[in-house]
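my_file-v3.pdb, holding PDB, C-alpha atoms and all ligand atoms:
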```pdb
ATOM      1  CA  MET S 179      95.445  81.240  82.128
ATOM      2  CA  GLU S 180      92.879  79.428  79.998
ATOM      3  CA  TYR S 181      89.182  79.960  79.212
ATOM      4  CA  ALA S 182      87.523  76.575  79.599
ATOM      5  CA  ASP S 183      84.516  74.635  80.911
ATOM      6  CA  PHE S 184      84.236  73.905  84.598
ATOM      7  CA  PRO S 185      81.397  72.159  86.509
ATOM      8  CA  THR S 186      78.745  74.510  87.966
ATOM      9  CA  PRO S 187      78.951  74.379  91.784
ATOM     10  CA  GLU S 188      76.006  73.199  93.920
ATOM     11  CA  PRO S 189      74.982  75.563  96.734
ATOM     12  CA  LYS S 190      75.459  73.992 100.188
ATOM     13  CA  PRO S 191      73.052  74.774 103.066
ATOM     14  CA  GLY S 192      73.273  78.489 103.865
ATOM     15  CA  GLU S 193      74.760  79.321 100.460
ATOM     16  CA  ALA S 194      73.504  80.946  97.278
ATOM     17  CA  LEU S 195      74.554  80.092  93.739
ATOM     18  CA  ILE S 196      75.243  83.367  91.940
ATOM     19  CA  ARG S 197      75.037  83.817  88.179
ATOM     20  CA  LEU S 198      77.851  86.352  87.762
ATOM     21  CA  ARG S 199      77.405  89.264  85.332
ATOM     22  CA  ALA S 200      80.615  91.175  86.073
ATOM     23  CA  ALA S 201      83.923  90.552  87.821
ATOM     24  CA  ALA S 202      86.652  93.052  88.692
ATOM     25  CA  LEU S 203      90.410  92.580  88.723
ATOM     26  CA  ASN S 204      92.748  93.093  91.646
ATOM     27  CA  ARG S 205      96.538  92.992  91.842
ATOM     28  CA  MET S 206      96.221  89.947  94.060
ATOM     29  CA  ASP S 207      94.858  87.949  91.073
ATOM     30  CA  VAL S 208      98.130  88.385  89.200
ATOM     31  CA  LEU S 209     100.246  87.744  92.303
ATOM     32  CA  VAL S 210      98.450  84.408  92.823
ATOM     33  CA  ARG S 211      98.820  83.539  89.131
ATOM     34  CA  ASN S 212     102.553  84.279  89.341
ATOM     35  CA  GLY S 213     102.887  82.060  92.426
ATOM     36  CA  TRP S 214     102.302  83.503  95.899
ATOM     37  CA  PRO S 215     104.847  82.080  98.389
ATOM     38  CA  GLY S 216     103.243  79.494 100.668
ATOM     39  CA  ILE S 217      99.940  79.039  98.807
ATOM     40  CA  LYS S 218      99.124  75.463  97.900
ATOM     41  CA  LEU S 219      96.443  75.555  95.214
ATOM     42  CA  GLU S 220      94.486  72.713  93.746
ATOM     43  CA  LEU S 221      94.571  73.154  89.966
ATOM     44  CA  PRO S 222      92.715  74.144  87.895
ATOM     45  CA  HIS S 223      92.073  77.240  89.996
ATOM     46  CA  ILE S 224      89.637  80.100  89.252
ATOM     47  CA  SER S 225      90.933  83.597  89.953
ATOM     48  CA  GLY S 226      88.992  86.690  91.042
ATOM     49  CA  ALA S 227      87.858  88.251  94.332
ATOM     50  CA  ASP S 228      85.263  90.700  93.035
ATOM     51  CA  GLY S 229      81.962  89.904  91.365
ATOM     52  CA  ALA S 230      78.313  90.869  91.051
ATOM     53  CA  GLY S 231      75.293  89.128  89.548
ATOM     54  CA  GLU S 232      71.939  87.515  90.281
ATOM     55  CA  ILE S 233      71.008  84.722  92.640
ATOM     56  CA  ALA S 234      70.290  81.627  90.528
ATOM     57  CA  THR S 235      69.428  79.073  93.229
ATOM     58  CA  LEU S 236      69.437  78.964  97.015
ATOM     59  CA  GLY S 237      70.828  76.310  99.323
ATOM     60  CA  GLU S 238      68.750  74.957 102.217
ATOM     61  CA  GLY S 239      67.867  77.275 105.062
ATOM     62  CA  VAL S 240      68.305  80.634 103.295
ATOM     63  CA  SER S 241      65.499  83.111 103.929
ATOM     64  CA  GLU S 242      67.288  86.493 103.626
ATOM     65  CA  PHE S 243      67.502  86.372  99.809
ATOM     66  CA  LYS S 244      65.349  85.193  96.939
ATOM     67  CA  VAL S 245      66.117  83.887  93.461
ATOM     68  CA  GLY S 246      66.687  86.817  91.081
ATOM     69  CA  ASP S 247      68.057  89.203  93.738
ATOM     70  CA  HIS S 248      70.952  91.331  92.469
ATOM     71  CA  VAL S 249      73.987  90.960  94.723
ATOM     72  CA  VAL S 250      77.635  91.931  95.060
ATOM     73  CA  ILE S 251      80.175  89.677  96.765
ATOM     74  CA  ASN S 252      82.337  90.380  99.810
ATOM     75  CA  ALA S 253      85.560  88.412  99.157
ATOM     76  CA  ASN S 254      86.712  88.615 102.788
ATOM     77  CA  ILE S 255      85.728  85.203 104.182
ATOM     78  CA  GLY S 256      85.946  84.585 107.913
ATOM     79  CA  CYS S 257      84.977  81.280 109.588
ATOM     80  CA  GLY S 258      82.224  82.992 111.615
ATOM     81  CA  LYS S 259      83.168  80.967 114.719
ATOM     82  CA  CYS S 260      86.588  81.984 116.071
ATOM     83  CA  ASP S 261      87.189  84.684 118.707
ATOM     84  CA  ALA S 262      88.102  87.287 116.046
ATOM     85  CA  CYS S 263      84.949  86.589 113.977
ATOM     86  CA  LEU S 264      82.718  86.568 117.064
ATOM     87  CA  SER S 265      84.043  89.976 118.081
ATOM     88  CA  GLY S 266      83.194  91.353 114.626
ATOM     89  CA  TRP S 267      86.734  91.333 113.200
ATOM     90  CA  ASP S 268      86.255  88.654 110.577
ATOM     91  CA  ASN S 269      89.199  90.056 108.573
ATOM     92  CA  MET S 270      91.409  88.945 111.500
ATOM     93  CA  CYS S 271      89.916  85.416 111.431
ATOM     94  CA  ARG S 272      92.314  82.630 112.363
ATOM     95  CA  ASN S 273      91.042  80.574 109.422
ATOM     96  CA  TRP S 274      90.701  83.469 106.991
ATOM     97  CA  HIS S 275      90.268  83.077 103.234
ATOM     98  CA  LEU S 276      90.150  85.471 100.340
ATOM     99  CA  LEU S 277      87.927  84.545  97.424
ATOM    100  CA  GLY S 278      90.019  83.757  94.338
ATOM    101  CA  GLU S 279      93.179  83.376  96.391
ATOM    102  CA  THR S 280      92.718  80.091  98.225
ATOM    103  CA  ILE S 281      89.200  79.227  97.016
ATOM    104  CA  LEU S 282      87.569  79.299  93.565
ATOM    105  CA  GLY S 283      86.863  82.886  92.505
ATOM    106  CA  THR S 284      84.780  85.091  90.260
ATOM    107  CA  TYR S 285      86.305  84.806  86.753
ATOM    108  CA  ALA S 286      83.393  82.450  86.105
ATOM    109  CA  GLU S 287      79.719  82.273  85.199
ATOM    110  CA  PHE S 288      78.791  80.804  88.592
ATOM    111  CA  VAL S 289      80.084  80.890  92.148
ATOM    112  CA  SER S 290      78.454  79.514  95.324
ATOM    113  CA  LEU S 291      79.006  81.318  98.627
ATOM    114  CA  PRO S 292      77.565  81.623 102.144
ATOM    115  CA  VAL S 293      74.900  84.348 102.008
ATOM    116  CA  ARG S 294      76.649  86.402 104.715
ATOM    117  CA  GLN S 295      79.169  87.236 101.944
ATOM    118  CA  LEU S 296      76.451  88.933  99.860
ATOM    119  CA  TYR S 297      75.110  92.489  99.761
ATOM    120  CA  LYS S 298      71.744  93.049  98.068
ATOM    121  CA  LEU S 299      71.978  95.709  95.349
ATOM    122  CA  PRO S 300      69.216  97.962  94.074
ATOM    123  CA  ASP S 301      67.760  96.266  90.942
ATOM    124  CA  ASP S 302      68.951  99.042  88.608
ATOM    125  CA  PHE S 303      72.509  99.230  89.976
ATOM    126  CA  ASN S 304      75.264  98.565  87.414
ATOM    127  CA  PHE S 305      76.939  95.163  87.990
ATOM    128  CA  HIS S 306      80.350  96.436  86.831
ATOM    129  CA  SER S 307      80.287  99.361  89.276
ATOM    130  CA  ALA S 308      79.287  97.009  92.098
ATOM    131  CA  ALA S 309      82.017  94.459  91.301
ATOM    132  CA  ALA S 310      84.574  97.277  90.953
ATOM    133  CA  ALA S 311      83.660  98.667  94.369
ATOM    134  CA  ALA S 312      83.555  95.718  96.734
ATOM    135  CA  LEU S 313      87.196  94.920  97.528
ATOM    136  CA  VAL S 314      88.862  98.308  97.174
ATOM    137  CA  TYR S 315      86.265 100.482  98.921
ATOM    138  CA  GLN S 316      85.990  98.218 101.955
ATOM    139  CA  THR S 317      89.799  98.109 102.134
ATOM    140  CA  ALA S 318      90.184 101.878 101.846
ATOM    141  CA  TRP S 319      87.320 102.604 104.277
ATOM    142  CA  HIS S 320      88.595 100.177 106.928
ATOM    143  CA  SER S 321      92.100 101.648 106.711
ATOM    144  CA  LEU S 322      91.192 105.356 106.584
ATOM    145  CA  ILE S 323      88.161 105.465 108.860
ATOM    146  CA  THR S 324      88.328 102.502 111.260
ATOM    147  CA  HIS S 325      92.113 102.223 111.725
ATOM    148  CA  GLY S 326      93.221 105.694 110.592
ATOM    149  CA  ASN S 327      90.489 107.631 112.459
ATOM    150  CA  LEU S 328      90.407 110.215 109.653
ATOM    151  CA  GLN S 329      88.766 113.485 110.746
ATOM    152  CA  ALA S 330      87.219 116.352 108.768
ATOM    153  CA  GLY S 331      89.764 119.084 108.121
ATOM    154  CA  GLU S 332      92.784 116.752 108.132
ATOM    155  CA  THR S 333      95.225 116.554 105.225
ATOM    156  CA  VAL S 334      95.709 113.145 103.592
ATOM    157  CA  VAL S 335      98.521 112.322 101.166
ATOM    158  CA  ILE S 336      97.847 109.447  98.749
ATOM    159  CA  VAL S 337     100.951 107.933  97.158
ATOM    160  CA  GLY S 338      99.946 106.804  93.663
ATOM    161  CA  ALA S 339      97.263 108.059  91.320
ATOM    162  CA  GLY S 340      95.853 105.161  89.315
ATOM    163  CA  GLY S 341      95.025 102.101  91.393
ATOM    164  CA  GLY S 342      91.644 101.004  92.706
ATOM    165  CA  VAL S 343      92.419 101.480  96.415
ATOM    166  CA  ASN S 344      93.965 104.890  95.769
ATOM    167  CA  THR S 345      91.003 106.212  93.752
ATOM    168  CA  ALA S 346      88.651 104.886  96.460
ATOM    169  CA  SER S 347      90.820 106.569  99.118
ATOM    170  CA  VAL S 348      90.585 109.958  97.348
ATOM    171  CA  GLN S 349      86.780 109.771  97.342
ATOM    172  CA  ILE S 350      86.436 108.509 100.930
ATOM    173  CA  ALA S 351      88.813 111.203 102.219
ATOM    174  CA  LYS S 352      86.842 113.918 100.369
ATOM    175  CA  LEU S 353      83.512 112.547 101.637
ATOM    176  CA  SER S 354      84.979 112.772 105.163
ATOM    177  CA  GLY S 355      85.826 116.447 104.707
ATOM    178  CA  ALA S 356      89.597 116.002 104.394
ATOM    179  CA  ARG S 357      92.002 117.807 102.089
ATOM    180  CA  VAL S 358      93.660 115.413  99.624
ATOM    181  CA  ILE S 359      97.137 115.560  98.106
ATOM    182  CA  VAL S 360      97.858 112.975  95.382
ATOM    183  CA  ILE S 361     101.408 111.980  94.399
ATOM    184  CA  GLY S 362     101.698 110.583  90.852
ATOM    185  CA  SER S 363     104.047 110.358  87.904
ATOM    186  CA  ASP S 364     101.592 110.369  85.004
ATOM    187  CA  ALA S 365     100.122 113.770  84.085
ATOM    188  CA  ASN S 366      96.942 112.210  82.729
ATOM    189  CA  LYS S 367      96.291 110.128  85.855
ATOM    190  CA  LEU S 368      96.954 113.181  88.034
ATOM    191  CA  LYS S 369      94.365 115.122  86.056
ATOM    192  CA  LEU S 370      91.885 112.274  86.528
ATOM    193  CA  SER S 371      92.637 112.314  90.291
ATOM    194  CA  GLU S 372      91.666 115.969  90.296
ATOM    195  CA  SER S 373      88.404 115.123  88.524
ATOM    196  CA  ILE S 374      87.437 112.768  91.403
ATOM    197  CA  GLY S 375      88.274 115.305  94.106
ATOM    198  CA  ALA S 376      92.035 115.593  94.723
ATOM    199  CA  ASP S 377      92.867 119.141  95.911
ATOM    200  CA  ILE S 378      96.627 119.223  95.293
ATOM    201  CA  LEU S 379      98.609 117.249  92.712
ATOM    202  CA  ILE S 380     102.335 116.548  92.997
ATOM    203  CA  ASP S 381     104.157 115.100  89.974
ATOM    204  CA  ARG S 382     106.972 112.929  91.355
ATOM    205  CA  SER S 383     108.564 112.651  87.903
ATOM    206  CA  LYS S 384     109.444 116.343  88.325
ATOM    207  CA  GLU S 385     110.446 116.276  92.010
ATOM    208  CA  ASP S 386     112.105 113.209  93.506
ATOM    209  CA  ASP S 387     111.692 114.340  97.102
ATOM    210  CA  TRP S 388     107.953 115.045  97.098
ATOM    211  CA  SER S 389     107.927 115.180 100.911
ATOM    212  CA  LYS S 390     109.246 118.776 100.561
ATOM    213  CA  SER S 391     106.252 119.752  98.412
ATOM    214  CA  VAL S 392     103.904 118.218 101.000
ATOM    215  CA  PHE S 393     105.699 120.198 103.701
ATOM    216  CA  LEU S 394     105.173 123.444 101.767
ATOM    217  CA  ALA S 395     101.552 122.607 100.872
ATOM    218  CA  THR S 396     100.755 122.138 104.576
ATOM    219  CA  GLY S 397     102.253 125.427 105.790
ATOM    220  CA  LYS S 398     105.457 123.616 106.911
ATOM    221  CA  ARG S 399     103.433 121.439 109.272
ATOM    222  CA  GLY S 400     103.310 118.081 107.462
ATOM    223  CA  ALA S 401     100.349 115.870 106.579
ATOM    224  CA  ASP S 402      98.084 114.214 109.158
ATOM    225  CA  LEU S 403      97.890 110.921 107.241
ATOM    226  CA  VAL S 404      99.715 109.279 104.382
ATOM    227  CA  VAL S 405      98.193 106.364 102.440
ATOM    228  CA  ASP S 406     101.219 104.440 101.153
ATOM    229  CA  ASN S 407     100.558 101.160  99.339
ATOM    230  CA  VAL S 408     103.860 101.268  97.479
ATOM    231  CA  GLY S 409     106.174 100.388 100.381
ATOM    232  CA  THR S 410     109.540 101.471  99.005
ATOM    233  CA  THR S 411     108.347 105.086  99.408
ATOM    234  CA  PHE S 412     107.914 104.784 103.206
ATOM    235  CA  MET S 413     110.896 107.060 103.966
ATOM    236  CA  LEU S 414     109.343 109.901 101.945
ATOM    237  CA  SER S 415     105.960 109.227 103.575
ATOM    238  CA  LEU S 416     107.480 109.370 107.073
ATOM    239  CA  ARG S 417     109.181 112.658 106.163
ATOM    240  CA  ALA S 418     105.896 114.074 104.799
ATOM    241  CA  LEU S 419     103.979 113.429 108.060
ATOM    242  CA  ARG S 420     103.472 115.972 110.816
ATOM    243  CA  LYS S 421     104.487 115.099 114.388
ATOM    244  CA  GLY S 422     101.998 112.496 115.614
ATOM    245  CA  GLY S 423     100.954 111.617 112.038
ATOM    246  CA  ARG S 424      99.759 108.214 110.792
ATOM    247  CA  LEU S 425     101.035 106.153 107.870
ATOM    248  CA  LEU S 426      98.401 103.727 106.541
ATOM    249  CA  THR S 427      99.261 100.733 104.383
ATOM    250  CA  VAL S 428      97.147  97.954 102.859
ATOM    251  CA  GLY S 429      99.617  96.541 100.351
ATOM    252  CA  ASN S 430     102.818  96.998  98.422
ATOM    253  CA  SER S 431     103.028  97.676  94.730
ATOM    254  CA  GLY S 432     106.817  98.029  95.084
ATOM    255  CA  ASP S 433     109.337  95.607  96.580
ATOM    256  CA  PRO S 434     108.026  94.308  99.968
ATOM    257  CA  LYS S 435     111.450  94.704 101.631
ATOM    258  CA  PHE S 436     113.065  98.113 102.142
ATOM    259  CA  GLU S 437     114.851 100.200 104.784
ATOM    260  CA  ILE S 438     113.355 102.858 107.022
ATOM    261  CA  ASP S 439     115.020 105.115 109.567
ATOM    262  CA  ASN S 440     113.580 104.344 113.027
ATOM    263  CA  ARG S 441     114.541 107.822 114.293
ATOM    264  CA  PHE S 442     111.709 109.355 112.273
ATOM    265  CA  ILE S 443     109.174 107.069 113.945
ATOM    266  CA  PHE S 444     109.952 107.810 117.595
ATOM    267  CA  ALA S 445     111.178 111.385 117.274
ATOM    268  CA  LYS S 446     108.033 112.417 115.369
ATOM    269  CA  HIS S 447     105.631 110.182 117.375
ATOM    270  CA  LEU S 448     104.533 108.438 114.158
ATOM    271  CA  SER S 449     102.245 105.418 113.805
ATOM    272  CA  ILE S 450     102.480 102.889 110.976
ATOM    273  CA  ILE S 451      99.115 101.146 110.685
ATOM    274  CA  GLY S 452      98.576  98.082 108.502
ATOM    275  CA  SER S 453      95.290  96.403 107.636
ATOM    276  CA  THR S 454      93.754  94.179 105.014
ATOM    277  CA  MET S 455      90.180  94.084 103.677
ATOM    278  CA  SER S 456      87.521  94.992 106.306
ATOM    279  CA  HIS S 457      84.924  93.489 108.599
ATOM    280  CA  LEU S 458      81.255  92.866 107.737
ATOM    281  CA  LYS S 459      80.116  96.124 109.333
ATOM    282  CA  ASP S 460      82.488  98.302 107.289
ATOM    283  CA  PHE S 461      81.579  96.371 104.138
ATOM    284  CA  LYS S 462      77.896  97.166 104.717
ATOM    285  CA  THR S 463      78.609 100.818 105.547
ATOM    286  CA  VAL S 464      80.654 101.372 102.413
ATOM    287  CA  MET S 465      78.296  99.445 100.108
ATOM    288  CA  ASP S 466      75.363 101.514 101.437
ATOM    289  CA  LEU S 467      77.306 104.635 100.354
ATOM    290  CA  ILE S 468      78.059 103.067  96.951
ATOM    291  CA  ALA S 469      74.398 102.065  96.437
ATOM    292  CA  ALA S 470      73.310 105.599  97.407
ATOM    293  CA  GLY S 471      75.716 107.130  94.865
ATOM    294  CA  LYS S 472      77.752 108.966  97.534
ATOM    295  CA  LEU S 473      80.881 107.056  96.451
ATOM    296  CA  LYS S 474      81.299 106.314  92.745
ATOM    297  CA  PRO S 475      83.698 103.566  91.612
ATOM    298  CA  VAL S 476      85.994 104.642  88.795
ATOM    299  CA  LEU S 477      85.733 102.182  85.903
ATOM    300  CA  ASP S 478      88.689 101.749  83.581
ATOM    301  CA  LYS S 479      88.284  99.217  80.732
ATOM    302  CA  THR S 480      85.990  96.208  80.376
ATOM    303  CA  PHE S 481      87.104  92.944  78.731
ATOM    304  CA  PRO S 482      85.003  89.873  77.876
ATOM    305  CA  LEU S 483      85.542  87.006  80.364
ATOM    306  CA  LYS S 484      87.415  84.965  77.755
ATOM    307  CA  ASP S 485      90.054  87.741  77.537
ATOM    308  CA  ALA S 486      90.838  87.783  81.277
ATOM    309  CA  ALA S 487      94.533  87.180  80.548
ATOM    310  CA  HIS S 488      94.699  90.387  78.440
ATOM    311  CA  ALA S 489      92.866  92.271  81.165
ATOM    312  CA  GLN S 490      95.493  91.141  83.709
ATOM    313  CA  GLU S 491      98.287  92.325  81.401
ATOM    314  CA  ARG S 492      96.806  95.835  81.373
ATOM    315  CA  LEU S 493      96.663  95.784  85.181
ATOM    316  CA  TRP S 494     100.225  94.494  85.508
ATOM    317  CA  ARG S 495     101.553  97.206  83.195
ATOM    318  CA  GLY S 496      99.840  99.789  85.410
ATOM    319  CA  GLU S 497      97.977 101.383  82.487
ATOM    320  CA  GLN S 498      94.625 101.624  84.250
ATOM    321  CA  PHE S 499      92.924 104.446  86.118
ATOM    322  CA  GLY S 500      90.418 102.814  88.455
ATOM    323  CA  LYS S 501      89.096  99.313  88.007
ATOM    324  CA  ILE S 502      89.365  96.878  85.107
ATOM    325  CA  THR S 503      86.280  94.662  84.854
ATOM    326  CA  LEU S 504      85.248  91.469  83.041
ATOM    327  CA  ASP S 505      81.927  91.184  81.244
ATOM    328  CA  ILE S 506      80.352  87.790  81.923
ATOM    329  CA  GLY S 507      77.243  88.458  79.767
TER     330      GLY S 507
HETATM  331 ZN    ZN Y   1      87.000  83.204 112.228
END
```
Using the file provided, produce a representation of the structure as structure tokens.
Ligand SMILES: [Zn+2]
Amino acid sequence: MEYADFPTPEPKPGEALIRLRAAALNRMDVLVRNGWPGIKLELPHISGADGAGEIATLGEGVSEFKVGDHVVINANIGCGKCDACLSGWDNMCRNWHLLGETILGTYAEFVSLPVRQLYKLPDDFNFHSAAAAALVYQTAWHSLITHGNLQAGETVVIVGAGGGVNTASVQIAKLSGARVIVIGSDANKLKLSESIGADILIDRSKEDDWSKSVFLATGKRGADLVVDNVGTTFMLSLRALRKGGRLLTVGNSGDPKFEIDNRFIFAKHLSIIGSTMSHLKDFKTVMDLIAAGKLKPVLDKTFPLKDAAHAQERLWRGEQFGKITLDIG
């Protein structure tokens, strides 16, 4: 990864050119940099799905925004025309793109995007908080609320204490009136999980089979939902669920291939529900809650844009709690 000059894009009709002030890192950035199977990228490529800044210029035909508006970007880019997009499920688009994955991203001073990808921020809202929120909160909201049908009073287990989606999931589950159990291996990160609302902490470095602790913490009933974005922990997650429980997954921080025992799924009436990103409606809902201060993104460390490679190393080593951001000045 190099810090270098690149031509400033020209906004096409319906687009806005955004002068970025902050970008946020996601695991996907490093996966793409390492070589994602099947992706054919034109090089040089610009990484980054998350960003916030000000509108610098507008393409033809844009009336919803004006120059100087503060905006945050929705990286989930549907075509707007296919049957999935027309039914409001743009994250299931047949010609779907993720900003920074297949198209030029936000580790940059400027990016030009269709204005339907933008959310107008209050003028005094922090750009780093906005950039840190966009991808992970929409992902967590769509999984927990839209697919997972999370209800007040339910118990949610979150496998992993430090990542952006997991910290967002803790807050969304608490806002929904759920009880939250966090599984982690780092005492400090577990303590931080408690500070953002986790009710019960389980240290997996002290108990390999944490599904037993979940069982005891739920009066021998099992959890209603498990958020498992590790993958290789699915067997423990399936054990930790009550009969009729739901396992939600939006990614895998562990190996993508692993074994599960099918008998747990049918005998306990379990559902395994996958999703990625969210649709425009969920993005708006969650950003309204962020702008209102009802959900507060957890910021880890900020690096200058030129040190993006160092920032990615911190992410890859798993040292962060919450989101790592880039300062674009
Ligand atoms: Zn589409």
In Å, with one decimal, what is the gap from CA of Ser371 (chain S) to CA of Thr427 (chain S)? 19.4 Å
State, in Å with one decimal place, the distance from CA of Val289 (chain S) to atom ZN of ligand ZN 1 (chain Y).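 A separation of 21.4 Å between them.
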Please evaluate the PyMOL selection byres (((chain S and resi 186) around 10) and not hetatm) against the structure above and give the resulting residues as a PyMOL selection string. chain S and resi 183-185+187-189+195+286-290
Surrounding residues as a JSON list (two decimals) with C-alpha atoms, in the frame of the given file, ligand ZN 1 (chain Y), max 10 Å, only C-alpha atoms and all ligand atoms:
```json
[["chain", "number", "residue", "atom", "x", "y", "z"],
["S", 255, "ILE", "CA", 85.73, 85.20, 104.18],
["S", 256, "GLY", "CA", 85.95, 84.58, 107.91],
["S", 257, "CYS", "CA", 84.98, 81.28, 109.59],
["S", 258, "GLY", "CA", 82.22, 82.99, 111.62],
["S", 259, "LYS", "CA", 83.17, 80.97, 114.72],
["S", 260, "CYS", "CA", 86.59, 81.98, 116.07],
["S", 261, "ASP", "CA", 87.19, 84.68, 118.71],
["S", 262, "ALA", "CA", 88.10, 87.29, 116.05],
["S", 263, "CYS", "CA", 84.95, 86.59, 113.98],
["S", 264, "LEU", "CA", 82.72, 86.57, 117.06],
["S", 265, "SER", "CA", 84.04, 89.98, 118.08],
["S", 266, "GLY", "CA", 83.19, 91.35, 114.63],
["S", 267, "TRP", "CA", 86.73, 91.33, 113.20],
["S", 268, "ASP", "CA", 86.26, 88.65, 110.58],
["S", 269, "ASN", "CA", 89.20, 90.06, 108.57],
["S", 270, "MET", "CA", 91.41, 88.94, 111.50],
["S", 271, "CYS", "CA", 89.92, 85.42, 111.43],
["S", 272, "ARG", "CA", 92.31, 82.63, 112.36],
["S", 273, "ASN", "CA", 91.04, 80.57, 109.42],
["S", 274, "TRP", "CA", 90.70, 83.47, 106.99],
["S", 275, "HIS", "CA", 90.27, 83.08, 103.23]]
```
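For the pair CA of Asn204 (chain S) and CA of Gly226 (chain S), the interatomic distance is 7.4 Å.
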Please produce, as a tab-separated table, a per-residue contact table for region 333-429 of chain S versus region 433-450 of chain S (criterion: any atom at most 6 Å away, only C-alpha atoms considered), showing the nearest atom pair and its distance in Å to one decimal, sorted by chain then residue number.
```
residue	atom	partner	partner_atom	distance
S:Thr410	CA	S:Phe436	CA	5.8
S:Met413	CA	S:Ile438	CA	5.7
S:Lys421	CA	S:Lys446	CA	4.6
S:Gly422	CA	S:His447	CA	4.7
S:Gly423	CA	S:Leu448	CA	5.2
S:Arg424	CA	S:Ser449	CA	4.8
S:Leu425	CA	S:Ile450	CA	4.7
```
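Comparing S:Ile451, S:Leu203, S:Val337, S:Glu232 by their smallest distance to His488 (chain S), the closest is S:Leu203 (using only C-alpha atoms).
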I'd like the residues picked by the PyMOL selection byres (((chain S and resi 391-402) around 9) and not hetatm) written out as a list in words, using the chain letters and numbers from the file.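 Those residues are Leu328, Glu332, Thr333, Val334, Val335, Ile359, Ile378, Ile380, Glu385, Asp387, Trp388, Ser389, Lys390, Leu403, Val404, Arg417, Ala418, Leu419, Arg420, Lys421, Gly422, Gly423, Arg424 and Leu425 of chain S.
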Selection near Glu193 (chain S), 6 Å with only C-alpha atoms, sequence-local residues under 3 positions removed, as a PyMOL selection string: chain S and resi 189-190+237+291-293
Which is closer to Leu467 (chain S) than all the others in S:Ala312, S:Ser363, S:Asp386, S:Lys501, using all atoms listed in the file?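 Checking each of S:Ala312, S:Ser363, S:Asp386, S:Lys501 against Leu467 (chain S), counting all atoms listed in the file, the winner is S:Ala312.
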